[in-house]
>>> print(open('entry_37.tsv').read())   # TSV, C-alpha atoms
chain	number	residue	atom	x	y	z
A	1	MET	CA	78.35	108.84	143.89
A	2	LYS	CA	81.48	110.98	143.75
A	3	THR	CA	81.25	114.67	144.59
A	4	SER	CA	82.69	117.19	142.13
A	5	ALA	CA	85.92	119.01	142.93
A	6	ILE	CA	88.29	121.46	141.33
A	7	VAL	CA	91.96	121.34	142.29
A	8	TYR	CA	94.21	124.38	142.69
A	9	CYS	CA	97.79	123.69	141.60
A	10	GLU	CA	99.18	126.96	140.24
A	11	ASN	CA	102.56	126.51	138.52
A	12	GLU	CA	103.03	123.04	140.06
A	13	TYR	CA	100.81	120.63	138.14
A	14	GLY	CA	102.87	117.73	136.85
A	15	LYS	CA	105.80	118.73	139.05
A	16	LEU	CA	107.00	117.25	142.34
A	17	ASP	CA	105.19	119.76	144.55
A	18	GLY	CA	101.98	119.18	142.60
A	19	LYS	CA	101.79	115.56	143.77
A	20	ILE	CA	98.36	116.01	145.41
A	21	ALA	CA	96.82	117.23	142.15
A	22	ASN	CA	98.79	114.65	140.18
A	23	GLY	CA	97.51	111.86	142.40
A	24	LEU	CA	93.90	113.00	142.24
A	25	VAL	CA	94.00	113.14	138.45
A	26	ARG	CA	95.36	109.61	138.30
A	27	HIS	CA	93.05	108.11	140.90
A	28	SER	CA	90.17	109.25	143.11
A	29	ASP	CA	87.50	107.10	144.72
A	30	LYS	CA	86.06	110.08	146.58
A	31	TYR	CA	85.93	113.04	144.20
A	32	LYS	CA	85.10	113.56	140.55
A	33	ILE	CA	87.85	115.96	139.48
A	34	VAL	CA	86.29	118.44	137.05
A	35	GLY	CA	89.28	120.69	136.52
A	36	ILE	CA	92.77	121.81	137.52
A	37	ILE	CA	93.77	125.45	138.05
A	38	ASP	CA	97.27	126.15	136.73
A	39	SER	CA	97.79	129.14	134.42
A	40	THR	CA	101.07	127.72	133.10
A	41	LYS	CA	99.25	124.76	131.49
A	42	SER	CA	95.93	126.42	130.73
A	43	GLY	CA	93.96	124.83	127.90
A	44	LEU	CA	95.64	121.44	128.16
A	45	ASP	CA	94.10	118.12	129.11
A	46	ALA	CA	95.27	117.13	132.59
A	47	GLY	CA	95.64	113.43	131.80
A	48	GLU	CA	97.47	114.00	128.54
A	49	TYR	CA	99.90	116.45	130.15
A	50	LEU	CA	100.63	114.12	133.08
A	51	ASP	CA	100.71	110.66	131.47
A	52	GLY	CA	100.15	111.17	127.76
A	53	ILE	CA	96.55	109.88	127.89
A	54	LYS	CA	93.57	112.24	127.63
A	55	ASN	CA	91.04	111.96	130.45
A	56	GLY	CA	88.79	114.96	129.77
A	57	ILE	CA	89.89	116.95	132.82
A	58	PRO	CA	90.60	120.53	131.66
A	59	ILE	CA	93.29	122.82	133.04
A	60	PHE	CA	92.08	126.37	133.63
A	61	GLN	CA	93.83	129.75	133.68
A	62	ASN	CA	92.32	130.76	137.01
A	63	PHE	CA	89.39	130.19	139.34
A	64	ASN	CA	87.09	132.65	137.56
A	65	GLN	CA	87.66	131.01	134.17
A	66	ALA	CA	86.92	127.61	135.69
A	67	ILE	CA	83.61	128.75	137.14
A	68	GLU	CA	82.63	130.38	133.84
A	69	MET	CA	83.44	127.34	131.70
A	70	LEU	CA	82.21	124.49	133.90
A	71	ASP	CA	78.62	123.32	133.52
A	72	SER	CA	78.06	123.69	137.25
A	73	ILE	CA	79.89	125.01	140.28
A	74	PRO	CA	81.98	122.22	141.85
A	75	GLU	CA	81.11	121.20	145.38
A	76	TYR	CA	84.71	121.20	146.61
A	77	PHE	CA	87.85	123.30	146.12
A	78	ILE	CA	91.00	121.27	146.87
A	79	TYR	CA	94.36	122.90	147.52
A	80	GLY	CA	96.53	120.54	145.48
A	81	ILE	CA	100.09	121.64	146.21
A	82	ALA	CA	102.45	120.04	148.73
A	83	PRO	CA	105.30	122.56	149.13
A	84	LEU	CA	108.28	122.25	151.46
A	85	GLN	CA	107.23	125.51	153.12
A	86	PRO	CA	103.66	124.57	154.10
A	87	LEU	CA	102.19	128.07	154.38
A	88	LEU	CA	99.67	129.80	152.15
A	89	ASN	CA	100.67	133.13	150.65
A	90	ASP	CA	98.27	136.09	150.55
A	91	GLU	CA	97.26	135.47	146.93
A	92	GLU	CA	96.39	131.85	147.64
A	93	LYS	CA	94.32	132.85	150.65
A	94	LYS	CA	92.40	135.32	148.47
A	95	ILE	CA	91.59	132.54	145.98
A	96	ILE	CA	90.35	130.32	148.80
A	97	TYR	CA	88.23	133.16	150.18
A	98	THR	CA	86.78	133.66	146.68
A	99	ALA	CA	85.91	129.96	146.48
A	100	ILE	CA	84.16	130.17	149.84
A	101	LYS	CA	82.12	133.15	148.64
A	102	ALA	CA	81.06	131.00	145.67
A	103	GLY	CA	79.65	128.49	148.14
A	104	ILE	CA	82.33	125.85	147.59
A	105	HIS	CA	83.56	123.65	150.44
A	106	ILE	CA	87.32	123.84	151.04
A	107	VAL	CA	89.66	120.85	151.35
A	108	ASN	CA	93.13	121.69	152.60
A	109	GLY	CA	96.05	119.28	152.74
A	110	LEU	CA	98.55	121.64	154.36
A	111	PRO	CA	99.64	121.56	158.01
A	112	GLU	CA	98.56	125.22	158.12
A	113	PHE	CA	94.98	124.68	159.22
A	114	LEU	CA	92.32	126.89	157.65
A	115	SER	CA	89.99	126.03	160.51
A	116	GLU	CA	92.29	128.22	162.63
A	117	ASP	CA	92.16	131.15	160.19
A	118	GLU	CA	89.69	133.71	161.55
A	119	VAL	CA	88.88	135.27	158.17
A	120	CYS	CA	88.38	131.87	156.58
A	121	MET	CA	86.09	130.62	159.32
A	122	SER	CA	84.09	133.83	159.39
A	123	LEU	CA	83.47	133.58	155.64
A	124	ALA	CA	82.69	129.87	155.93
A	125	LYS	CA	80.02	130.60	158.50
A	126	LYS	CA	78.56	133.43	156.41
A	127	TYR	CA	78.35	131.35	153.22
A	128	ASN	CA	77.46	128.04	154.92
A	129	VAL	CA	80.64	126.35	153.76
A	130	SER	CA	82.64	123.58	155.46
A	131	ILE	CA	86.41	123.60	155.90
A	132	PHE	CA	88.26	120.27	155.89
A	133	ASP	CA	91.86	120.23	157.12
A	134	VAL	CA	92.75	116.65	156.22
A	135	ARG	CA	96.11	116.72	158.00
A	136	LYS	CA	94.73	118.05	161.24
A	137	PRO	CA	95.30	115.22	163.73
A	138	PRO	CA	92.60	113.90	166.04
A	139	SER	CA	92.58	115.17	169.60
A	140	LYS	CA	95.16	113.42	171.77
A	141	GLU	CA	92.59	111.35	173.62
A	142	ASN	CA	91.59	109.84	170.25
A	143	LEU	CA	95.10	109.08	169.04
A	144	GLN	CA	96.42	105.54	169.13
A	145	GLN	CA	99.60	104.42	170.88
A	146	PHE	CA	101.60	101.41	169.75
A	147	THR	CA	100.38	98.16	171.33
A	148	GLY	CA	102.59	95.51	169.77
A	149	LYS	CA	99.59	93.58	168.44
A	150	ILE	CA	101.01	93.98	164.93
A	151	ARG	CA	103.64	91.38	165.86
A	152	ASN	CA	100.97	88.70	165.82
A	153	VAL	CA	99.52	89.53	162.41
A	154	GLN	CA	99.99	86.67	159.91
A	155	THR	CA	98.58	88.51	156.88
A	156	PRO	CA	101.35	89.58	154.45
A	157	ILE	CA	102.10	93.27	154.98
A	158	ILE	CA	104.09	95.08	152.27
A	159	THR	CA	105.47	98.61	152.49
A	160	ILE	CA	106.29	100.68	149.41
A	161	SER	CA	109.36	102.57	150.54
A	162	GLY	CA	111.45	105.05	148.57
A	163	THR	CA	114.86	106.64	148.21
A	164	ASP	CA	113.33	110.13	148.46
A	165	CYS	CA	110.04	111.95	148.91
A	166	ALA	CA	107.77	112.52	145.88
A	167	VAL	CA	109.03	109.48	143.96
A	168	GLY	CA	105.67	107.76	143.38
A	169	LYS	CA	105.36	105.41	146.36
A	170	ARG	CA	101.61	106.00	146.70
A	171	THR	CA	101.00	105.58	142.97
A	172	THR	CA	102.90	102.30	142.93
A	173	ALA	CA	101.03	101.11	146.03
A	174	LEU	CA	97.65	101.87	144.45
A	175	LYS	CA	98.61	100.24	141.16
A	176	LEU	CA	99.77	97.15	143.03
A	177	VAL	CA	96.57	96.95	145.08
A	178	GLU	CA	94.49	97.29	141.90
A	179	ALA	CA	96.51	94.53	140.21
A	180	LEU	CA	96.17	92.23	143.24
A	181	LYS	CA	92.41	92.77	143.26
A	182	ASN	CA	92.33	91.88	139.57
A	183	GLU	CA	94.01	88.63	140.59
A	184	GLY	CA	91.01	87.90	142.79
A	185	LEU	CA	92.77	88.75	146.05
A	186	ASN	CA	91.35	90.90	148.83
A	187	ALA	CA	94.09	93.55	148.91
A	188	ILE	CA	93.82	96.62	151.13
A	189	PHE	CA	95.72	99.90	150.82
A	190	ILE	CA	96.82	101.80	153.92
A	191	THR	CA	97.57	105.47	153.34
A	192	THR	CA	99.97	107.50	155.44
A	193	GLY	CA	99.60	110.90	153.77
A	194	GLN	CA	97.08	113.54	152.83
A	195	THR	CA	96.81	112.60	149.15
A	196	GLY	CA	95.75	109.05	149.94
A	197	ILE	CA	93.10	110.42	152.28
A	198	LEU	CA	91.86	112.79	149.56
A	199	GLN	CA	91.76	109.92	147.07
A	200	GLY	CA	89.36	108.13	149.39
A	201	SER	CA	91.49	105.60	151.24
A	202	LYS	CA	89.39	103.88	153.89
A	203	TYR	CA	92.31	103.24	156.23
A	204	GLY	CA	95.15	105.44	157.38
A	205	ILE	CA	96.10	108.90	158.58
A	206	ALA	CA	98.58	111.65	157.62
A	207	ILE	CA	101.31	110.72	160.05
A	208	ASP	CA	103.82	113.51	159.39
A	209	VAL	CA	101.89	115.91	161.62
A	210	LEU	CA	101.74	113.47	164.53
A	211	SER	CA	104.15	113.45	167.45
A	212	SER	CA	106.58	110.55	167.57
A	213	GLY	CA	104.61	109.07	170.46
A	214	PHE	CA	101.58	108.41	168.24
A	215	ALA	CA	102.80	108.01	164.63
A	216	THR	CA	103.82	104.37	165.04
A	217	GLY	CA	100.62	103.55	166.91
A	218	GLU	CA	98.41	105.11	164.25
A	219	VAL	CA	100.07	103.05	161.51
A	220	GLU	CA	99.62	99.89	163.56
A	221	ASN	CA	96.00	100.78	164.35
A	222	ALA	CA	95.13	101.39	160.68
A	223	ILE	CA	96.38	97.92	159.81
A	224	LEU	CA	94.55	96.31	162.75
A	225	GLU	CA	91.33	98.05	161.64
A	226	ALA	CA	91.82	96.81	158.07
A	227	LEU	CA	92.17	93.22	159.33
A	228	LYS	CA	88.44	93.27	160.13
A	229	GLU	CA	87.89	92.89	156.38
A	230	LYS	CA	89.98	89.69	156.38
A	231	PRO	CA	92.40	90.84	153.68
A	232	ASP	CA	94.70	88.44	151.88
A	233	ILE	CA	97.43	91.09	151.71
A	234	ILE	CA	97.95	94.66	152.95
A	235	VAL	CA	99.98	97.31	151.10
A	236	VAL	CA	101.21	100.28	153.15
A	237	GLU	CA	102.20	103.59	151.57
A	238	GLY	CA	105.66	104.83	152.54
A	239	GLN	CA	106.66	108.43	153.19
A	240	GLY	CA	109.94	110.17	152.44
A	241	ALA	CA	112.92	107.84	152.77
A	242	LEU	CA	114.43	106.10	155.75
A	243	SER	CA	117.76	107.73	154.93
A	244	HIS	CA	116.32	111.23	154.52
A	245	PRO	CA	117.55	113.53	157.30
A	246	ALA	CA	114.52	115.85	157.10
A	247	PHE	CA	111.79	113.29	157.75
A	248	THR	CA	111.01	110.66	160.38
A	249	SER	CA	107.82	109.25	158.83
A	250	SER	CA	109.56	106.28	157.19
A	251	SER	CA	110.83	104.92	160.49
A	252	ALA	CA	107.37	105.26	162.08
A	253	ILE	CA	105.75	103.40	159.18
A	254	ILE	CA	108.22	100.54	159.33
A	255	ARG	CA	107.91	100.29	163.11
A	256	GLY	CA	104.12	100.42	163.03
A	257	ALA	CA	103.61	98.11	160.05
A	258	MET	CA	106.41	95.61	160.74
A	259	PRO	CA	106.36	94.68	157.02
A	260	LYS	CA	107.09	91.16	155.91
A	261	ALA	CA	108.52	92.51	152.63
A	262	ILE	CA	109.50	95.88	151.13
A	263	ILE	CA	109.28	97.24	147.59
A	264	LEU	CA	111.65	100.16	146.94
A	265	GLN	CA	110.74	103.04	144.60
A	266	HIS	CA	113.63	104.96	143.03
A	267	PRO	CA	114.11	107.76	140.44
A	268	PRO	CA	117.36	106.83	138.61
A	269	LYS	CA	117.90	110.28	137.06
A	270	ARG	CA	117.40	112.26	140.29
A	271	ARG	CA	120.74	113.49	141.58
A	272	ASN	CA	119.73	115.48	144.66
A	273	ARG	CA	116.96	115.21	147.24
A	274	CYS	CA	113.61	116.74	146.31
A	275	ASP	CA	113.47	120.27	147.81
A	276	PHE	CA	117.00	119.82	149.20
A	277	PRO	CA	119.29	120.53	146.22
A	278	LYS	CA	122.49	120.39	148.30
A	279	ILE	CA	121.78	116.90	149.64
A	280	PRO	CA	122.71	114.13	147.18
A	281	MET	CA	120.45	111.14	146.60
A	282	PRO	CA	121.41	107.88	148.31
A	283	THR	CA	122.45	104.88	146.29
A	284	LEU	CA	120.09	101.96	145.94
A	285	GLU	CA	122.67	99.81	147.72
A	286	SER	CA	122.78	102.07	150.77
A	287	GLU	CA	118.98	102.42	151.00
A	288	ILE	CA	118.42	98.68	150.66
A	289	LYS	CA	121.00	97.96	153.35
A	290	MET	CA	119.48	100.54	155.70
A	291	LEU	CA	115.91	99.33	155.14
A	292	GLU	CA	116.77	95.68	155.63
A	293	THR	CA	118.84	96.35	158.74
A	294	PHE	CA	116.21	98.60	160.31
A	295	SER	CA	113.15	96.50	159.43
A	296	GLY	CA	114.50	92.97	159.63
A	297	SER	CA	112.71	92.36	156.30
A	298	LYS	CA	113.94	92.04	152.74
A	299	VAL	CA	113.59	94.41	149.80
A	300	ILE	CA	111.93	92.09	147.27
A	301	ALA	CA	111.62	94.38	144.24
A	302	ILE	CA	112.58	97.77	142.83
A	303	THR	CA	110.12	100.09	141.09
A	304	ILE	CA	111.26	102.94	138.88
A	305	ASN	CA	110.09	106.54	138.76
A	306	HIS	CA	110.73	107.52	135.13
A	307	GLU	CA	111.13	111.29	135.62
A	308	GLU	CA	113.50	112.72	132.95
A	309	MET	CA	113.70	109.26	131.31
A	310	ASN	CA	112.54	108.08	127.90
A	311	ASP	CA	111.17	104.59	127.24
A	312	GLN	CA	114.53	103.28	126.06
A	313	GLU	CA	116.23	104.50	129.23
A	314	VAL	CA	113.56	102.88	131.39
A	315	GLU	CA	114.00	99.56	129.58
A	316	SER	CA	117.80	99.74	129.78
A	317	THR	CA	117.78	100.70	133.47
A	318	THR	CA	115.33	97.92	134.25
A	319	LYS	CA	117.65	95.32	132.74
A	320	THR	CA	120.71	96.79	134.44
A	321	TYR	CA	119.06	96.83	137.86
A	322	GLU	CA	117.70	93.30	137.50
A	323	GLU	CA	121.17	91.96	136.67
A	324	LYS	CA	122.88	94.01	139.38
A	325	TYR	CA	120.47	93.45	142.27
A	326	GLN	CA	118.93	90.12	141.24
A	327	LEU	CA	115.48	91.54	141.97
A	328	PRO	CA	112.41	92.13	139.77
A	329	VAL	CA	112.33	95.70	138.47
A	330	THR	CA	109.45	97.56	136.80
A	331	ASP	CA	107.89	100.96	136.16
A	332	VAL	CA	104.23	100.44	137.04
A	333	LEU	CA	103.07	103.47	135.04
A	334	LYS	CA	104.81	102.44	131.82
A	335	ASN	CA	104.45	98.69	132.28
A	336	ASP	CA	102.45	96.79	134.91
A	337	CYS	CA	102.70	95.00	138.24
A	338	SER	CA	103.06	91.45	136.91
A	339	LYS	CA	106.67	91.09	138.09
A	340	LEU	CA	105.72	92.31	141.56
A	341	ILE	CA	102.80	89.89	141.83
A	342	GLU	CA	104.93	86.98	140.63
A	343	LYS	CA	107.47	87.80	143.36
A	344	LEU	CA	104.73	88.06	146.00
A	345	TYR	CA	103.41	84.62	145.01
A	346	GLU	CA	106.94	83.27	145.35
A	347	ILE	CA	107.45	84.74	148.83
A	348	PHE	CA	103.91	84.19	150.09
A	349	PRO	CA	102.72	80.91	148.50
A	350	ASP	CA	99.53	81.01	150.59
A	351	LEU	CA	98.38	83.82	148.30
A	352	ILE	CA	98.17	81.28	145.50
A	353	ARG	CA	95.98	79.01	147.62
A	354	VAL	CA	93.53	81.81	148.44
A	355	ASN	CA	93.45	83.18	144.90
A	356	PRO	CA	90.27	81.84	143.25
A	357	LEU	CA	91.70	82.54	139.80
A	358	LEU	CA	94.65	80.24	140.48
A	359	CYS	CA	92.69	77.54	142.27
A	360	GLN	CA	90.32	76.51	139.51
A	361	PRO	CA	90.05	72.71	139.07
A	362	GLN	CA	92.15	71.43	136.21
A	363	GLU	CA	90.32	69.62	133.41
>>> encode(input="entry_37.tsv", output="structure tokens")
Amino acid sequence: MKTSAIVYCENEYGKLDGKIANGLVRHSDKYKIVGIIDSTKSGLDAGEYLDGIKNGIPIFQNFNQAIEMLDSIPEYFIYGIAPLQPLLNDEEKKIIYTAIKAGIHIVNGLPEFLSEDEVCMSLAKKYNVSIFDVRKPPSKENLQQFTGKIRNVQTPIITISGTDCAVGKRTTALKLVEALKNEGLNAIFITTGQTGILQGSKYGIAIDVLSSGFATGEVENAILEALKEKPDIIVVEGQGALSHPAFTSSSAIIRGAMPKAIILQHPPKRRNRCDFPKIPMPTLESEIKMLETFSGSKVIAITINHEEMNDQEVESTTKTYEEKYQLPVTDVLKNDCSKLIEKLYEIFPDLIRVNPLLCQPQE
């Protein structure tokens, strides 16, 4: 049974830096999200604001209003913002302290660890509350180094890469895994970031806080652990972009996963890098070339992030990209994953043979 949680996302819900809250509203195996805190969208339905479909999750003005209006106090308070500058300001710390005093457990996705905040830990002890820093890495003796065993894995491994950070790689990965499961396949998702962990992913770790000596090994180890479930296919969440000068996570994921195919997520209307307004976005051509050269694998499909796009623009861009790149193109939030699955069957025909829905005897 899911535990109840309220998500703090002041001024960022539905925006790029609100991707943790956005992701939890769209999908959560671990928590029942009972509300979002964002005064700029107070009174709205979280699902309707994000995707145009009501889901009954209210957006509150502040923490006090949430506690007053909810039927019961939520068990968890999740900090749902992923800013470039990963430090809490004084006002945010006060809100977290208030939540602790209300007896609510704290879940923090920042690399600023609340378990190292003396005031926070003192209050947590006083009010019998637990603090969870989901990006805090294991102790070094428990971290995994790369072994090379991934080279022997025969199971199809797919990475969802991107041309920038915050373009929807995790969302596309989860939608694809769900669609593959609906096909009757044993598909497993590997997360590489804090939101996937918060959503309840069984395998993976937030690799951006790991040293380069362990990031690749942890990705490899997550996949090797998942193989114990005998999956038909594994889908690995990408981080950032291989071409992005500010991040190294993408290279660690590709090295650790050694994908047999890559799906590339791209926001056609985005002109500059997220959080780096002076750095222009790469072209699809340049990112595809870099990914294929670095990984030794092929980009097999393009998925669209429809930010700032209407339905007609999505449809037009899809057709243009398919003609230009000779690859299947889709927006998994506006459409579905059928094109992606068709391409996977083409590249990995063994998936058809293990799919019980496609192996029924013909009458």
>>> atom_distance(input="entry_37.tsv", atom1="atom CA of A:Tyr76", atom2="atom CA of A:Ile205")
20.6 Å
>>> atom_distance(input="entry_37.tsv", atom1="atom CA of A:Pro328", atom2="atom CA of A:Leu242")
21.3 Å
>>> residues_around(input="entry_37.tsv", residues="stretch 165-180 of chain A", least_positions_apart="4", cutoff="7 Å", atoms="all atoms listed in the file", output="ChimeraX atom specification")
/A:16,160-161,184-185,187-189,235,237-241,265-267,274,305,332,337
>>> axis_aligned_box(input="entry_37.tsv", around="stretch 6-15 of chain A", padding_each_side="6 Å", output="lines of an AutoDock Vina configuration file")
center_x = 97.0
center_y = 122.3
center_z = 139.8
size_x = 29.5
size_y = 21.2
size_z = 17.8
>>> closest_residue(input="entry_37.tsv", among="A:Asp208, A:Asp117, A:Glu218, A:Glu322", to="A:Leu143", atoms="all atoms listed in the file")
A:Glu218
>>> residues_around(input="entry_37.tsv", residues="A:Ser211", least_positions_apart="4", cutoff="12 Å", atoms="all atoms listed in the file", output="ChimeraX atom specification")
/A:137-140,143-145,206-207,215-218,248-249,252
>>> write_last_selection(input="entry_37.tsv", atoms="C-alpha atoms", output="PDB file, in the coordinates of the input")
ATOM      1  CA  PRO A 137      95.300 115.220 163.730  1.00  0.00           C
ATOM      2  CA  PRO A 138      92.600 113.900 166.040  1.00  0.00           C
ATOM      3  CA  SER A 139      92.580 115.170 169.600  1.00  0.00           C
ATOM      4  CA  LYS A 140      95.160 113.420 171.770  1.00  0.00           C
ATOM      5  CA  LEU A 143      95.100 109.080 169.040  1.00  0.00           C
ATOM      6  CA  GLN A 144      96.420 105.540 169.130  1.00  0.00           C
ATOM      7  CA  GLN A 145      99.600 104.420 170.880  1.00  0.00           C
ATOM      8  CA  ALA A 206      98.580 111.650 157.620  1.00  0.00           C
ATOM      9  CA  ILE A 207     101.310 110.720 160.050  1.00  0.00           C
ATOM     10  CA  ALA A 215     102.800 108.010 164.630  1.00  0.00           C
ATOM     11  CA  THR A 216     103.820 104.370 165.040  1.00  0.00           C
ATOM     12  CA  GLY A 217     100.620 103.550 166.910  1.00  0.00           C
ATOM     13  CA  GLU A 218      98.410 105.110 164.250  1.00  0.00           C
ATOM     14  CA  THR A 248     111.010 110.660 160.380  1.00  0.00           C
ATOM     15  CA  SER A 249     107.820 109.250 158.830  1.00  0.00           C
ATOM     16  CA  ALA A 252     107.370 105.260 162.080  1.00  0.00           C
TER      17      ALA A 252
END
>>> atom_distance(input="entry_37.tsv", atom1="atom CA of A:Arg353", atom2="atom CA of A:Gly296")
26.1 Å
>>> closest_residue(input="entry_37.tsv", among="A:Leu110, A:Ala82, A:Val219, A:Ile197", to="A:Asn22", atoms="only C-alpha atoms")
A:Ala82
>>> residues_around(input="entry_37.tsv", residues="A:Glu118", least_positions_apart="6", cutoff="12 Å", atoms="all atoms listed in the file", output="PDB file with C-alpha atoms, keeping the file's coordinate frame")
ATOM      1  CA  LYS A  93      94.320 132.850 150.650  1.00  0.00           C
ATOM      2  CA  TYR A  97      88.230 133.160 150.180  1.00  0.00           C
ATOM      3  CA  ALA A 124      82.690 129.870 155.930  1.00  0.00           C
ATOM      4  CA  LYS A 125      80.020 130.600 158.500  1.00  0.00           C
TER       5      LYS A 125
END
>>> closest_residue(input="entry_37.tsv", among="A:Lys298, A:Lys269, A:Lys149, A:His244", to="A:Asn310", atoms="all atoms listed in the file")
A:Lys269
>>> residues_around(input="entry_37.tsv", residues="A:Ser243", least_positions_apart="5", cutoff="8 Å", atoms="all atoms listed in the file", output="number ranges by chain")
A: 163, 282, 287, 290
>>> write_last_selection(input="entry_37.tsv", atoms="C-alpha atoms", output="PDB file, in the coordinates of the input")
ATOM      1  CA  THR A 163     114.860 106.640 148.210  1.00  0.00           C
ATOM      2  CA  PRO A 282     121.410 107.880 148.310  1.00  0.00           C
ATOM      3  CA  GLU A 287     118.980 102.420 151.000  1.00  0.00           C
ATOM      4  CA  MET A 290     119.480 100.540 155.700  1.00  0.00           C
TER       5      MET A 290
END
>>> closest_residue(input="entry_37.tsv", among="A:Thr98, A:Thr320, A:Gln85, A:Asn108", to="A:Phe63", atoms="all atoms listed in the file")
A:Thr98
>>> closest_residue(input="entry_37.tsv", among="A:Ala246, A:Ile253, A:Val314, A:Met258", to="A:Gln154", atoms="all atoms listed in the file")
A:Met258
>>> closest_residue(input="entry_37.tsv", among="A:Pro268, A:Leu210, A:Tyr127, A:Arg26", to="A:Pro111", atoms="all atoms listed in the file")
A:Leu210
>>> residues_around(input="entry_37.tsv", residues="stretch 51-59 of chain A", least_positions_apart="4", cutoff="6 Å", atoms="all atoms listed in the file", output="PyMOL selection string")
chain A and resi 34-37+42-47
>>> write_last_selection(input="entry_37.tsv", atoms="C-alpha atoms", output="short mmCIF file (atom, residue, chain, number, x, y, z; two decimals), in the frame of the given file")
data_model
loop_
_atom_site.label_atom_id
_atom_site.label_comp_id
_atom_site.auth_asym_id
_atom_site.auth_seq_id
_atom_site.Cartn_x
_atom_site.Cartn_y
_atom_site.Cartn_z
CA VAL A 34 86.29 118.44 137.05
CA GLY A 35 89.28 120.69 136.52
CA ILE A 36 92.77 121.81 137.52
CA ILE A 37 93.77 125.45 138.05
CA SER A 42 95.93 126.42 130.73
CA GLY A 43 93.96 124.83 127.90
CA LEU A 44 95.64 121.44 128.16
CA ASP A 45 94.10 118.12 129.11
CA ALA A 46 95.27 117.13 132.59
CA GLY A 47 95.64 113.43 131.80
#
>>> decode(input="entry_37.tsv", residues="stretch 15-19 of chain A", atoms="all heavy atoms", output="short mmCIF file (atom, residue, chain, number, x, y, z; two decimals), in the first residue's frame")
data_model
loop_
_atom_site.label_atom_id
_atom_site.label_comp_id
_atom_site.auth_asym_id
_atom_site.auth_seq_id
_atom_site.Cartn_x
_atom_site.Cartn_y
_atom_site.Cartn_z
N LYS A 15 7.12 23.42 -14.50
CA LYS A 15 8.27 23.99 -15.18
C LYS A 15 9.41 22.96 -15.19
O LYS A 15 9.32 21.89 -14.61
CB LYS A 15 8.73 25.28 -14.47
CG LYS A 15 7.70 26.39 -14.44
CD LYS A 15 8.26 27.62 -13.74
CE LYS A 15 7.24 28.74 -13.63
NZ LYS A 15 7.80 29.92 -12.91
N LEU A 16 10.53 23.36 -15.82
CA LEU A 16 11.66 22.45 -15.94
C LEU A 16 12.24 22.07 -14.59
O LEU A 16 12.53 20.89 -14.34
CB LEU A 16 12.75 23.10 -16.82
CG LEU A 16 12.36 23.39 -18.28
CD1 LEU A 16 13.52 24.03 -19.02
CD2 LEU A 16 11.92 22.11 -18.98
N ASP A 17 12.40 23.04 -13.70
CA ASP A 17 13.00 22.75 -12.39
C ASP A 17 12.03 22.03 -11.45
O ASP A 17 12.43 21.57 -10.38
CB ASP A 17 13.51 24.03 -11.72
CG ASP A 17 14.82 24.52 -12.33
OD1 ASP A 17 15.38 23.79 -13.17
OD2 ASP A 17 15.27 25.63 -11.98
N GLY A 18 10.78 21.92 -11.85
CA GLY A 18 9.81 21.18 -11.05
C GLY A 18 9.66 19.74 -11.50
O GLY A 18 8.66 19.09 -11.21
N LYS A 19 10.70 19.20 -12.15
CA LYS A 19 10.56 17.88 -12.78
C LYS A 19 10.34 16.76 -11.78
O LYS A 19 9.74 15.74 -12.12
CB LYS A 19 11.77 17.57 -13.66
CG LYS A 19 13.09 17.47 -12.93
CD LYS A 19 14.21 17.17 -13.93
CE LYS A 19 15.54 16.95 -13.23
NZ LYS A 19 16.62 16.63 -14.19
#
